[in-house]
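File shown: final34.txt. Contents: compact mmCIF, C-alpha atoms.
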```txt
# COMPACT_ATOMS: atom_id res chain seq x y z
CA MET A 1 144.42 14.26 125.60
CA GLU A 2 141.13 14.52 123.77
CA GLN A 3 140.81 16.14 120.35
CA LYS A 4 138.55 18.90 121.70
CA GLU A 5 141.08 19.79 124.40
CA ILE A 6 143.92 19.90 121.86
CA GLN A 7 141.78 22.13 119.63
CA GLN A 8 141.11 24.51 122.52
CA ILE A 9 144.81 24.67 123.43
CA ILE A 10 145.77 25.48 119.84
CA GLU A 11 143.04 28.11 119.70
CA ALA A 12 144.45 29.70 122.89
CA LEU A 13 147.96 29.58 121.42
CA LEU A 14 146.73 31.32 118.26
CA PHE A 15 145.20 34.10 120.38
CA ALA A 16 148.35 34.48 122.46
CA SER A 17 151.00 34.22 119.74
CA PRO A 18 152.15 37.51 118.20
CA GLU A 19 153.77 35.57 115.34
CA PRO A 20 152.53 32.78 113.06
CA LEU A 21 152.23 29.43 114.84
CA THR A 22 154.09 26.57 113.12
CA GLN A 23 153.91 22.78 113.31
CA THR A 24 157.43 22.76 114.81
CA GLU A 25 156.32 25.01 117.66
CA ILE A 26 153.24 22.85 118.28
CA ASN A 27 155.39 19.71 118.41
CA ALA A 28 157.69 21.35 120.97
CA ILE A 29 154.79 22.61 123.09
CA PHE A 30 152.97 19.26 123.19
CA GLU A 31 156.06 16.99 123.28
CA PRO A 32 155.88 15.83 126.92
CA ASP A 33 152.07 15.45 126.89
CA VAL A 34 151.44 13.69 123.56
CA THR A 35 152.68 10.30 122.38
CA GLU A 36 153.74 9.56 118.81
CA LEU A 37 150.47 7.67 118.33
CA GLN A 38 148.60 10.87 119.14
CA ALA A 39 150.75 13.25 117.05
CA ILE A 40 149.09 16.60 116.48
CA ASN A 41 148.43 17.65 112.90
CA LEU A 42 148.25 21.45 113.07
CA GLU A 43 146.88 21.81 109.55
CA GLU A 44 143.98 19.48 110.32
CA ILE A 45 143.08 21.31 113.55
CA ILE A 46 143.36 24.70 111.81
CA GLU A 47 140.88 23.52 109.17
CA GLU A 48 138.44 22.42 111.91
CA LEU A 49 138.77 25.80 113.63
CA ARG A 50 138.25 27.65 110.33
CA ASN A 51 135.06 25.70 109.70
CA LYS A 52 133.86 26.45 113.24
CA TYR A 53 134.59 30.18 112.83
CA ASN A 54 132.83 30.31 109.45
CA GLN A 55 129.75 28.54 110.84
CA ASN A 56 129.59 30.96 113.77
CA ASP A 57 130.20 33.94 111.47
CA ASN A 58 132.97 35.17 113.79
CA ALA A 59 134.78 38.46 113.25
CA PHE A 60 138.10 36.66 112.85
CA ASN A 61 139.66 33.84 110.87
CA ILE A 62 142.93 31.93 110.61
CA VAL A 63 145.31 32.66 107.73
CA ASN A 64 148.41 30.89 106.51
CA VAL A 65 151.25 33.42 106.78
CA ALA A 66 155.04 33.02 106.65
CA GLY A 67 154.94 29.25 106.97
CA GLY A 68 152.60 29.24 109.97
CA TYR A 69 149.08 30.15 111.05
CA GLN A 70 147.85 33.38 112.57
CA LEU A 71 144.51 34.55 113.90
CA VAL A 72 143.40 37.75 112.14
CA SER A 73 140.28 39.88 112.12
CA ARG A 74 138.18 39.90 108.96
CA PRO A 75 138.95 42.78 106.56
CA GLU A 76 135.55 44.47 106.94
CA PHE A 77 136.40 45.33 110.57
CA GLU A 78 139.75 46.95 109.78
CA VAL A 79 138.44 50.53 109.97
CA PHE A 80 137.05 50.04 113.47
CA ILE A 81 140.20 48.36 114.74
CA ARG A 82 142.32 51.22 113.39
CA ARG A 83 140.10 53.70 115.22
CA LEU A 84 140.54 51.76 118.45
CA LEU A 85 144.32 51.60 118.05
CA LYS A 86 144.50 55.12 116.58
CA LYS A 87 146.96 53.95 113.96
CA SER A 88 147.15 54.16 110.22
CA GLY A 89 148.08 50.48 110.35
CA ARG A 90 150.13 50.52 107.21
CA LEU A 91 153.83 50.02 107.14
CA ALA A 92 155.20 53.32 105.90
CA LEU A 93 157.81 52.73 103.22
CA THR A 94 159.24 55.33 100.88
CA LYS A 95 159.32 54.79 97.15
CA ALA A 96 163.07 54.10 97.42
CA SER A 97 162.43 51.51 100.14
CA LEU A 98 159.74 49.78 98.07
CA GLU A 99 161.98 49.73 94.99
CA THR A 100 164.85 48.26 96.95
CA LEU A 101 162.63 45.75 98.73
CA ALA A 102 161.18 44.60 95.41
CA ILE A 103 164.67 44.10 93.98
CA VAL A 104 165.73 42.08 97.03
CA ALA A 105 162.52 40.02 96.95
CA TYR A 106 162.78 39.12 93.27
CA ARG A 107 166.57 38.79 92.93
CA GLN A 108 167.58 37.36 96.33
CA PRO A 109 170.21 36.76 97.41
CA VAL A 110 171.44 40.05 96.02
CA ASN A 111 174.28 42.40 96.96
CA ARG A 112 174.21 46.18 97.31
CA TYR A 113 176.09 46.76 94.05
CA GLU A 114 173.52 44.79 92.05
CA ILE A 115 170.71 46.77 93.70
CA GLU A 116 172.44 50.06 92.91
CA SER A 117 173.05 49.05 89.30
CA ILE A 118 169.31 48.44 88.89
CA ARG A 119 168.17 51.57 90.78
CA GLY A 120 170.97 53.82 89.53
CA VAL A 121 171.49 55.47 92.93
CA ASP A 122 173.23 54.73 96.25
CA SER A 123 171.10 52.34 98.29
CA SER A 124 173.09 51.95 101.51
CA GLY A 125 170.72 54.15 103.55
CA VAL A 126 167.65 52.37 102.25
CA LEU A 127 169.18 48.98 103.03
CA LYS A 128 169.88 50.13 106.61
CA THR A 129 166.23 51.20 106.95
CA LEU A 130 164.93 47.87 105.64
CA LEU A 131 167.32 46.00 107.94
CA SER A 132 166.12 48.03 110.94
CA LYS A 133 162.47 47.24 110.07
CA ASN A 134 163.46 43.56 109.85
CA LEU A 135 162.11 43.26 106.29
CA ILE A 136 165.47 42.09 104.93
CA ARG A 137 168.45 40.33 106.50
CA ILE A 138 172.08 39.68 105.68
CA LYS A 139 172.42 36.13 104.40
CA GLY A 140 176.17 36.01 103.98
CA ARG A 141 178.84 37.27 101.59
CA ASP A 142 179.11 37.07 97.83
CA ALA A 143 182.07 35.27 96.29
CA GLY A 144 182.81 38.26 94.03
CA PRO A 145 185.43 40.99 94.44
CA GLY A 146 185.34 42.62 97.87
CA ARG A 147 182.98 39.90 99.10
CA PRO A 148 179.93 42.19 99.42
CA LEU A 149 177.08 41.33 101.78
CA LEU A 150 174.11 39.40 100.37
CA TYR A 151 170.56 40.42 101.30
CA THR A 152 167.37 38.33 101.42
CA THR A 153 163.84 38.93 102.69
CA THR A 154 162.72 37.79 106.16
CA GLU A 155 159.70 36.06 107.67
CA LYS A 156 158.55 39.54 108.77
CA TYR A 157 158.47 40.52 105.07
CA LEU A 158 156.12 37.61 104.38
CA GLU A 159 153.95 38.62 107.35
CA TYR A 160 153.69 42.29 106.32
CA PHE A 161 152.70 41.41 102.78
CA GLY A 162 150.42 38.52 103.79
CA LEU A 163 152.40 35.88 101.91
CA SER A 164 152.71 32.25 102.91
CA SER A 165 155.96 31.89 100.96
CA LEU A 166 157.96 33.70 98.30
CA SER A 167 156.27 31.60 95.62
CA ASP A 168 153.03 33.50 96.40
CA MET A 169 154.52 36.72 94.99
CA PRO A 170 153.24 37.72 91.55
CA LYS A 171 155.56 36.70 88.73
CA ILE A 172 157.40 39.48 86.91
CA SER A 173 155.75 38.38 83.65
CA GLU A 174 152.29 38.81 85.27
CA ILE A 175 153.19 42.34 86.35
CA ALA A 176 154.46 43.16 82.84
CA ASP A 177 151.21 41.84 81.34
CA LEU A 178 149.20 44.06 83.70
CA GLU A 179 151.20 47.12 82.68
CA LYS A 180 150.66 46.33 78.98
CA SER A 181 146.91 45.91 79.43
CA GLU A 182 146.48 49.30 81.14
CA THR A 183 145.32 52.07 78.87
CA PRO A 184 147.30 55.31 78.86
CA GLN A 185 145.67 58.25 80.64
CA ASP A 186 145.94 60.34 77.46
CA SER A 187 143.35 58.17 75.72
CA GLN A 188 141.02 58.56 78.70
CA THR A 189 141.19 62.34 78.66
CA ASP A 190 140.35 62.45 74.92
CA ALA A 191 136.76 61.58 75.84
CA PHE A 192 136.37 64.92 77.63
CA GLU A 193 137.55 67.08 74.75
```

Just dump the structure as structure tokens.
Amino acid sequence: MEQKEIQQIIEALLFASPEPLTQTEINAIFEPDVTELQAINLEEIIEELRNKYNQNDNAFNIVNVAGGYQLVSRPEFEVFIRRLLKKSGRLALTKASLETLAIVAYRQPVNRYEIESIRGVDSSGVLKTLLSKNLIRIKGRDAGPGRPLLYTTTEKYLEYFGLSSLSDMPKISEIADLEKSETPQDSQTDAFE
């Protein structure tokens, strides 16, 4: 198989795949047709496609999401795509869901009792909602009393938040620094008095 043909096949797979395309999937797809001498390096081909798309000034690009690659439209066209699909496009999460999801993301694996001790309220309903949206999953059981279930985030979580891996999340210290640097609203309103 020629390099151009492989590039076209991967481009077609990116268009067709609803989820991020990984090197493992590429290896499985090309296994009978490609010898070890002609192993396909997905990262290399993605970089070639990105360069091609940037040169052509296309309305889409390839991003690294959840350990794979996905074809996405450029942000400046988001409004028009939403109009076409007649959707708000945002994942609707309540404040309680976001709080719980943040706790799971930063403390995983974490059990329900740890989440509730941080939030101060019952979180079983919120956990069910996050499980149904496939943003968290049950990883196993804790060794503690009662052997409570342990929760972790999923690949879908990484996709929704545009993260390649959990290490891309902002550090808690960075968030604390941001909060400290913000000026209180009271000082801003003093200017109008």

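For the residues A:Thr153, A:Ser73, A:Ser164, A:Ser181, ranking by smallest atom-to-atom distance to A:Pro20 using all atoms listed in the file places A:Ser164 first.
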
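Interatomic distance, atom CA of A:Ala105 to atom CA of A:Gly162: 14.0 Å.
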
Return as JSON the box centre and box size in Å, one decimal, for an axis-aligned box around all listed atoms of stretch 46-49 of chain A padded by 6 Å per side.
```
{"center_x": 140.9, "center_y": 24.1, "center_z": 111.4, "size_x": 16.9, "size_y": 15.4, "size_z": 16.5}
```

Inset, instruction - Would you work out the distance separating atom CA of A:Ile175 from atom CA of A:Arg119, expressed in Å to one decimal? - result: 18.1 Å

Contacts of stretch 47-63 of chain A at 6 Å (all atoms listed in the file; same-chain gap of 5+ positions) as a short mmCIF file (atom, residue, chain, number, x, y, z; two decimals) with C-alpha atoms, keeping the file's coordinate frame:
```
data_model
loop_
_atom_site.label_atom_id
_atom_site.label_comp_id
_atom_site.auth_asym_id
_atom_site.auth_seq_id
_atom_site.Cartn_x
_atom_site.Cartn_y
_atom_site.Cartn_z
CA TYR A 69 149.08 30.15 111.05
CA GLN A 70 147.85 33.38 112.57
CA LEU A 71 144.51 34.55 113.90
CA VAL A 72 143.40 37.75 112.14
CA SER A 73 140.28 39.88 112.12
CA ARG A 74 138.18 39.90 108.96
#
```

Legend entry - Which of A:Arg112, A:Ser123, A:Thr152, A:Tyr106 sits closest to A:Met169 [using only C-alpha atoms]: A:Tyr106

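Considering the residues A:Ile172, A:Ile10, A:Leu130, A:Val121 and counting all atoms listed in the file, A:Ser97 has its shortest atom-to-atom contact with A:Leu130.
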